[in-house]
Structures are given as C-alpha cells and as structure tokens.
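Engineer: I am attaching a structure below and will ask some questions about it afterwards.
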Amino acid sequence: MGQLATASCYVEKIVVTTNEVLNRIGGSRVPAVGDSTFERRNPADRRDVVTLAPNSDERDVRLAVDAATEASGVWKRTTPTLRAEILAKAARMLQDKNEVLVNDMVREQGKLLVDARNECSRTPRNLELYAGEAYRLTGTTFPSDDTPLVYSVLDPVGVVGVITPWNFPLNLASRKIGPALAAGNTVVFKPSPMAPLLGDHLAAAFEEAGLPAGVLNVVHGVSAGAPLVADVRVGAVTFTGSNATGAKIHSVMGIGRRVQLELGGKNPVVVLADADPATAATVIARSSFALAGQACTGAGRILVDRLIFDDVLQRVIELARAYVLGVGTNALATMGPLVDQVAIESMEAAISRATTDGATIAIGGARDVKNELVHGNFFPPTIITNVNRSAWVSCNEVFGPVVTFEVVDGINDAIESANSVRFGLSAAVCTRDLKSAQQCAAEIQAGMVRINRPTVGAAFNAPFGGIKQSGTGTHKEQLGPTVMDFYTVMRTVWLGN
C-alpha cells in the first residue's frame with residue numbers, strides 16, 4: 001500500500017468550551033420536554049465536546065408543528081416585500097458573523113478552513129437569491145370561451161418540514177429554508193445531530209432579522225425526524241440524506257402531501273481513450289477526494305478506457321499520495337476527518353468486502369492514527385483496483401475517500417457500466433471529442449453530467465438533483481428556475497361576470 005503525508009502542526013491545546021444550544025419553538029428557546037441531551041464531538045479530536053443539544057422526541061416535534069401551524073396564516077398574508085427584506089437581512093446577519101461560522105464549522109463538522117470559508121460565504125448568497133423569488137411568485141392568464149378571465153395563482157404549501165445532513169450544514173439548509181419562507185410557508189427545521197450548532201446559527205440569523213415567532217422552528221435530536229414526517233399537518237418534507245432514510249420518508253408521506261428527496265449516488269467518472277490523462281487525473285481526484293469524499297455528488301467509480309488505464313491510474317495514485325491529513329485549521333492539511341467513527345468503520349467494511357471479492361488496494365486502505373491524528377476520524381484516499389462492476393463496492397455508496405477503478409473498452413462499454421447501478425445523481429466525462437461528449441451527456445443516466453469537470457459542485461441558477469434512486473425527481477432540488485415549484489401550490493380561478 002502507498003504511504004500518504006500527514007500534517008504535523010496540529011494545535012496541541014484541547015478546546016474545552018462546549019456550546020449549548022436549545023430548540024427554537026414559537027419564538028422561545030427551550031430544552032427538550034424530557035430534558036434529554038446529546039453531545040457532538042469534534043471529528044478531528046474526539047476529546048473535544050463541541051456542542052450539547054436537546055435530544056427531542058415526538059412531544060417536542062408536536063409543539064414545533066403547533067407553533068408553525070399557528071403562525072402559518074399570518075405569514076402567508078405577509079407582503080413579498082417583507083419576506084424579501086427578512087431574507088436579505090438574515091443574509092447580512094450571516095455575513096457579519098462569518099468568522100464565527102467558519103471556525104465553528106471547522107470544529108463541529110470537520111471541514112478544512114478553505115472549504116468552510118467557501119460554504120459560509122455561499123450561504124448568504126443563497127438567501128439573497130431567494131429573497132428575489134418572493135417577488136416572482138407569478139400566475140398565468142388563460143384565454144377562455146365562456147368566462148371573461150381564467151387565471152392561476154401560487155399559494156404556499158403550509159408547514160414545511162426541513163431535514164438536512166451534516167456535510168453542508170449551512171448551505172443545504174439555506175437552500176431549503178430560504179425558498180420555503182419566500183413562498184410564505186412556515187418551517188420546522190431538524191438539523192443533523194452532527195451539526196446542531198451550525199443549524200442554530202442559521203436559525204438565529206432569521207430570528208435576528210425579524211422573522212415572526214413560530215415561522216421558523218428548530219428541533220434537534222437523533223430521532224426527531226420520524227415524528228416530523230408522520231405529522232399530517234406538515235404539508236411537505238424536503239430531505240437530503242441517505243437512501244434508507246429517504247425510502248422511509250417516502251413511504252410515510254402518502255397521497256396529498258409532497259416530498260422532495262435528494263439521496264445518494266454512486267457517481268462515475270468516465271475517462272475515454274482520447275482524454276488528456278493529466279486533466280482526467282485532476283478531475284478524478286477533485287471528484288473523489290474533495291471534502292474527504294463526503295459529498296453526495298462525489299465520484300465513487302472511475303471508468304477508464306483500457307488504452308490509457310495504467311497512465312491515469314498512476315497519476316491519480318500520485319495525487320492521492322500527496323494529500324495531507326489534518327485538522328481543518330492546519331494550513332498544511334488538504335484533507336480533513338470523516339464525520340465520526342461510524343464512518344471510519346463503514347470505510348473499513350467496504351474495503352474488507354472488496355478484498356474478499358478479489359479486489360486490490362492500490363493506495364490507502366486503513367485509518368490513519370499517526371501522531372496527532374490518533375484522536376480524530378482520519379482516513380486516507382483509497383484506490384481499489386481489479387474490481388468487478390457487479391461487486392458490492394462498485395454498486396453501493398461508500399461516502400468517503402474510497403474509489404474503485406474499472407477498465408472499460410470504448411464509449412459504449414463505459415456508458416453501459418455507468419448506467420449499471422441504481423443511482424443517477426452526477427457523472428463526469430473526460431474527453432477531447434465533442435461527439436463523444438454529446439453521446440455521454442445524452443445516454444448516461446444521471447441528473448447532472450459534467451464534461452471535463454468534477455462531479456461535485458452546483459450553480460445558483462442551474463437545476464440540481466438526480467434520477468433513479470438518487471431522488472424523487474418530481475421536484476428539482478433547491479436550485480434553478482423551478483426552485484419554487486415544490487414550495488407552492490397552483491390554484492386556478494375562473495372569474496365570471
């Protein structure tokens with residue numbers, strides 16, 4: 001196995017300040033009804049308790065939905081100008097405490113400083129975008145033979161349940177809460193238990209911006225999601241997370257309530273024979289190892305044409321070897337920790353299963369416990385070769401810096417392999433031929449196909465979301481021109497004399 005670099009200037013002093021957050025229900029900050037709490041520890045140093053938060057149950061969720069239901073009528077009738085002003089002011093509040101958010105994100109979530117800065121700067125821009133959407137909730141007029149006017153209007157859904165993951169705790173939450181509020185909905189927000197402090201920061205910004213009591217309510221906890229989804233007063237649930245949880249949510253919602261699911265992926269990078277090997281290697285490394293592989297759009301399958309397979313593989317191994325593991329504030333670090341020890345165990349189980357099936361570990365493969373890393377959840381970039389495309393590790397999301405390399409013979413074989421899994425979120429294609437790029441874009445089964453670009457990333461004005469088992473597909477997730485469709489209900493009016 002190859003050796004990887006390790007950062008060596010970790011701050012030795014253990015941070016001892018623990019942040020205590022509370023639920024936010026009906027304008028009040030309250031503990032869980034049962035007074036139960038849970039800890040969130042620093043993934044780079046498990047000795048550091050970052051946050052103590054309420055471990056809410058169905059009683060807390062019921063109170064939050066009560067508050068959201070009560071506030072719904074008033075918020076629905078507010079002017080678009082007021083909604084836009086509050087969202088824009090919340091954006092400014094987040095900008096004003098940018099450094100606090102960045103430092104807390106590094107400590108609670110584990111991101112590198114550069115990645116935390118990127119997310120914390122992007123989140124206010126999300127809210128600025130959605131502030132404008134409050135003015136664009138327009139209807140349509142229709143010609144009619146038997147009445148002077150037929151027109152449509154857009155109403156809010158009512159109460160929206162927002163359940164978010166830990167990997168983008170501010171950005172993804174803002175991309176759900178922002179449009180929900182802009183459309184006139186009230187919200188019950190359940191942040192990930194891996195990032196309760198960051199969820200509280202976001203909610204606090206709205207409160208400081210003047211959002212009326214009960215319009216945005218927050219319940220923390222490991223098990224608060226299920227009673228939120230089960231409450232029939234919640235007209236819509238938007239969720240980003242695992243397929244297993246998404247399937248449960250989908251089965252509970254039933255007819256008459258809407259659900260938006262952005263789930264997992266087994267995203268391929270297709271490297272065709274005409275591709276530039278150096279460019280392809282850079283695309284692969286960025287797709288597979290950014291954010292320690294903890295992105296739903298991260299690449300887990302690398303499909304390389306036989307003619308350049310060895311060249312590309314060796315280049316990616318060299319790039320993987322250069323990654324430096326360390327705490328996010330370490331200027332030398334280029335890869336942070338995984339979210340918790342369960343994630344480490346998941347990597348180990350996937351690798352063990354792959355080697356049992358006959359695969360080879362080209363680099364990485366075991367947790368890093370050298371020196372200061374012993375107290376964190378560090379796992380190196382790992383490349384697996386000699387993998388059958390039907391093997392478990394080739395078909396299932398691992399959600400970490402573990403990727404498989406597979407030989408393909410030509411474009412049609414590559415597309416067939418890319419489409420052989422149950423997921424369809426993101427894909428990348430490396431080629432210098434426009435015709436090949438167009439064929440891959442047309443035939444690869446994914447909600448997003450990127451040519452000579454990494455599988456990760458999003459644009460404010462472009463639709464984001466997957467097909468197959470990567471999401472519901474009926475409502476594109478969070479971005480693009482149809483962003484408000486999920487958060488509004490269309491009503492048609494026939495106006496007679």
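Within each chain, counting starts at residue 1; across the structure tokens, chains are named A, B, ... in the order shown, with ligands numbered 1 upward in that order.
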Got a sec: who's within 10 Å of Arg29 (chain A), counting only C-alpha atoms, leaving out chain neighbours fewer than 6 positions off, as a list of chain:residue names?

Structural biologist: A:Val21, A:Leu22, A:Asn23, A:Asn217, A:Val218

Engineer: List the spatial neighbours of Asn19 (chain A) as an NGL selection string - criterion: any atom at most 9 Å away, only C-alpha atoms, same-chain residues fewer than 4 positions off excluded.

Structural biologist: :A and (49-53 or 197)

Engineer: Could you give me, as a list in words, the residues within 12 Å of Pro80 (chain A), counting only C-alpha atoms and dropping anything in the same chain fewer than 2 positions from it?

Structural biologist: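 My reading of the contact set: Trp75, Lys76, Arg77, Thr78, Leu82, Arg83, Ala84, Glu85, Ile86, Leu87, Tyr130, Ala131, Gly132, Glu133, Ala134, Tyr135, Arg136, Leu137, Thr138, Leu181, Ala182, Ala183 and Gly184 of chain A.
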
Engineer: Once you have the residues from the selection above, write them out as a tab-separated table (two decimals), in the first residue's frame, restricted to C-alpha atoms.

Structural biologist:
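Generated file (again.tsv):
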```tsv
chain	number	residue	atom	x	y	z
A	75	TRP	CA	-47.00	34.59	7.43
A	76	LYS	CA	-48.93	33.56	4.32
A	77	ARG	CA	-50.55	37.00	4.24
A	78	THR	CA	-47.32	38.97	4.63
A	82	LEU	CA	-41.47	41.95	3.92
A	83	ARG	CA	-40.46	38.36	3.20
A	84	ALA	CA	-37.69	39.54	0.88
A	85	GLU	CA	-36.44	42.07	3.41
A	86	ILE	CA	-36.21	39.46	6.16
A	87	LEU	CA	-34.32	37.01	3.95
A	130	TYR	CA	-34.45	33.51	-2.58
A	131	ALA	CA	-35.33	37.00	-1.38
A	132	GLY	CA	-35.86	37.86	-5.03
A	133	GLU	CA	-38.03	34.78	-5.54
A	134	ALA	CA	-40.61	36.30	-3.17
A	135	TYR	CA	-41.37	38.82	-5.95
A	136	ARG	CA	-41.52	36.21	-8.72
A	137	LEU	CA	-44.43	34.11	-7.48
A	138	THR	CA	-46.48	34.93	-10.54
A	181	LEU	CA	-40.05	31.16	3.66
A	182	ALA	CA	-40.01	33.24	0.47
A	183	ALA	CA	-43.12	31.38	-0.71
A	184	GLY	CA	-44.98	32.12	2.54
```

Engineer: Among the residues of region 273-458 of chain A, find those DSSP assigns to helix (DSSP H, G or I) from the backbone and print them as a PyMOL selection string.

Structural biologist: chain A and resi 277-293+306-321+341-356+371-375+392-395+410-418+434-443

Engineer: Would you please work out which residue, of A:Val324, A:Ala458, A:Ala275, A:Val269, is nearest to Ala427 (chain A) when using only C-alpha atoms?

Structural biologist: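 That would be A:Val269, the residue with the smallest distance to Ala427 (chain A).
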
Engineer: Measure the distance from CA of Ala44 (chain A) to CA of Gly336 (chain A) in Å and round it to one decimal.

Structural biologist: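 A separation of 7.4 Å between them.
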
Engineer: So that I can see what lies close to region 145-148 of chain A, please list as a PyMOL selection string the residues with an atom at most 9 Å from it, counting only C-alpha atoms and leaving out residues fewer than 2 positions away in the same chain.

Structural biologist: chain A and resi 143+150+494-497

Engineer: Could you save the residues just selected, with C-alpha atoms, as a PDB file, in the first residue's frame?

Structural biologist:
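Full text of part18.pdb as output:
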```pdb
ATOM      1  CA  PRO A 143     -57.934  32.520 -22.885  1.00  0.00           C
ATOM      2  CA  VAL A 150     -59.207  32.364 -16.177  1.00  0.00           C
ATOM      3  CA  TRP A 494     -62.467  31.170 -13.265  1.00  0.00           C
ATOM      4  CA  LEU A 495     -63.694  34.739 -12.905  1.00  0.00           C
ATOM      5  CA  GLY A 496     -67.266  35.257 -14.188  1.00  0.00           C
ATOM      6  CA  ASN A 497     -69.386  38.397 -14.555  1.00  0.00           C
TER       7      ASN A 497
END
```

Engineer: Could the residues of region 28-113 of chain A that have an atom at most 8 Å from region 356-379 of chain A be listed as CSV, each with its closest atom pair and the distance in Å to one decimal, counting only C-alpha atoms and ordered by chain and ascending residue number?

Structural biologist:
```
residue,atom,partner,partner_atom,distance
A:Asn42,CA,A:Gly376,CA,7.9
A:Pro43,CA,A:Gly376,CA,5.6
A:Ala44,CA,A:Gly376,CA,4.1
A:Asp45,CA,A:Gly376,CA,4.5
A:Arg46,CA,A:His375,CA,5.7
A:Arg47,CA,A:His375,CA,7.1
```

Engineer: Just the residues within 10 Å of Leu63 (chain A), please, counting only C-alpha atoms, with nothing from its chain fewer than 6 positions along; format it as number ranges by chain.

Structural biologist: A: 25-26, 33, 69, 217, 219

Engineer: Taking N, CA and C atoms for each residue, export the selection above as a CSV table (one decimal), in the first residue's frame.

Structural biologist:
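Listed below is the output, out_30.csv:
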```
chain,number,residue,atom,x,y,z
A,25,ILE,N,-38.8,27.1,19.4
A,25,ILE,CA,-40.2,26.8,19.2
A,25,ILE,C,-41.1,28.0,19.5
A,26,GLY,N,-41.8,28.5,18.6
A,26,GLY,CA,-42.8,29.6,18.8
A,26,GLY,C,-42.1,30.8,19.3
A,33,VAL,N,-38.5,18.4,26.0
A,33,VAL,CA,-39.5,18.2,27.0
A,33,VAL,C,-39.0,17.2,28.1
A,69,THR,N,-48.0,25.8,12.6
A,69,THR,CA,-49.4,25.8,12.1
A,69,THR,C,-50.1,27.1,12.6
A,217,ASN,N,-39.2,27.1,13.2
A,217,ASN,CA,-39.0,26.4,14.5
A,217,ASN,C,-37.9,25.4,14.3
A,219,VAL,N,-36.0,21.9,15.9
A,219,VAL,CA,-36.0,20.8,16.9
A,219,VAL,C,-34.7,19.9,16.6
```

Engineer: Check the smallest atom-to-atom distance from each of A:Met105, A:Val159, A:Leu129, A:Ala281 to Val215 (chain A) using only C-alpha atoms, then report the winner.

Structural biologist: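 Answer, going by the shortest atom-to-atom distance: A:Val159.
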
Engineer: Calculate how many Å separate CA of Gly466 (chain A) from CA of Phe168 (chain A), rounding to one decimal.

Structural biologist: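 Between these atoms lies a distance of 17.6 Å.
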
Engineer: Tell me, as a list in words, which residues lie within 8 Å of Arg491 (chain A), counting only C-alpha atoms; anything in the same chain fewer than 2 positions away does not count.

Structural biologist: Ser152, Val153, Leu154, Asp155, Val489 and Val493 of chain A

Engineer: Deliver the residues from the most recent selection as a file, using N, CA, C and O atoms, as a CSV table (one decimal), in the first residue's frame.

Structural biologist:
```csv
chain,number,residue,atom,x,y,z
A,152,SER,N,-54.3,31.7,-12.9
A,152,SER,CA,-53.7,30.8,-11.9
A,152,SER,C,-52.9,31.7,-10.9
A,152,SER,O,-52.4,32.7,-11.2
A,153,VAL,N,-52.9,31.2,-9.6
A,153,VAL,CA,-52.2,31.9,-8.6
A,153,VAL,C,-51.4,30.8,-7.8
A,153,VAL,O,-51.7,29.6,-7.8
A,154,LEU,N,-50.3,31.2,-7.2
A,154,LEU,CA,-49.5,30.3,-6.4
A,154,LEU,C,-49.7,30.6,-4.9
A,154,LEU,O,-49.5,31.7,-4.4
A,155,ASP,N,-50.0,29.6,-4.2
A,155,ASP,CA,-50.2,29.6,-2.7
A,155,ASP,C,-49.1,28.9,-2.0
A,155,ASP,O,-48.5,27.9,-2.6
A,489,VAL,N,-48.3,25.8,-4.2
A,489,VAL,CA,-49.4,25.0,-4.8
A,489,VAL,C,-50.2,26.0,-5.8
A,489,VAL,O,-50.5,27.1,-5.5
A,493,VAL,N,-58.4,29.9,-11.1
A,493,VAL,CA,-59.6,30.7,-10.8
A,493,VAL,C,-60.3,31.0,-12.1
A,493,VAL,O,-59.7,31.5,-13.1
```

Engineer: Using 10 Å as the limit and counting only C-alpha atoms, can you tabulate each residue of region 314-410 of chain A that touches region 299-308 of chain A, with its shortest atom-to-atom distance in Å and the two atoms involved, as a tab-separated table?

Structural biologist:
```
residue	atom	partner	partner_atom	distance
A:Ile383	CA	A:Ile302	CA	9.7
A:Ile384	CA	A:Arg301	CA	9.7
A:Thr385	CA	A:Ile302	CA	9.8
A:Arg389	CA	A:Arg301	CA	9.2
A:Val393	CA	A:Gly300	CA	8.9
A:Ser394	CA	A:Arg301	CA	6.6
A:Cys395	CA	A:Arg301	CA	8.6
A:Asn396	CA	A:Gly300	CA	8.8
A:Glu397	CA	A:Gly300	CA	7.2
A:Val398	CA	A:Gly300	CA	7.5
A:Phe399	CA	A:Gly300	CA	8.1
A:Gly400	CA	A:Gly300	CA	8.6
A:Pro401	CA	A:Gly300	CA	8.2
A:Val402	CA	A:Gly300	CA	6.8
A:Val403	CA	A:Gly300	CA	4.6
A:Thr404	CA	A:Arg301	CA	5.1
A:Phe405	CA	A:Ile302	CA	4.8
A:Glu406	CA	A:Leu303	CA	5.0
A:Val407	CA	A:Val304	CA	5.3
A:Val408	CA	A:Asp305	CA	4.8
A:Asp409	CA	A:Asp305	CA	5.5
A:Gly410	CA	A:Asp305	CA	6.2
```

Engineer: Taking only residues of region 2-119 of chain A that have an atom at most 10 Å from an atom of region 282-292 of chain A, what is each one's shortest atom pair and its distance in Å to one decimal, using only C-alpha atoms, in chain and number order, as a tab-separated table?

Structural biologist:
```
residue	atom	partner	partner_atom	distance
A:Gly110	CA	A:Leu291	CA	9.2
A:Lys111	CA	A:Leu291	CA	6.9
A:Leu112	CA	A:Leu291	CA	7.8
A:Asp115	CA	A:Leu291	CA	7.6
```

Engineer: Determine the nearest neighbour of Ile451 (chain A) from the options A:Met490, A:Ala280, A:Ala67, A:Val316, counting only C-alpha atoms.

Structural biologist: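 Going through A:Met490, A:Ala280, A:Ala67, A:Val316 one by one, the smallest distance to Ile451 (chain A) is for A:Ala280.
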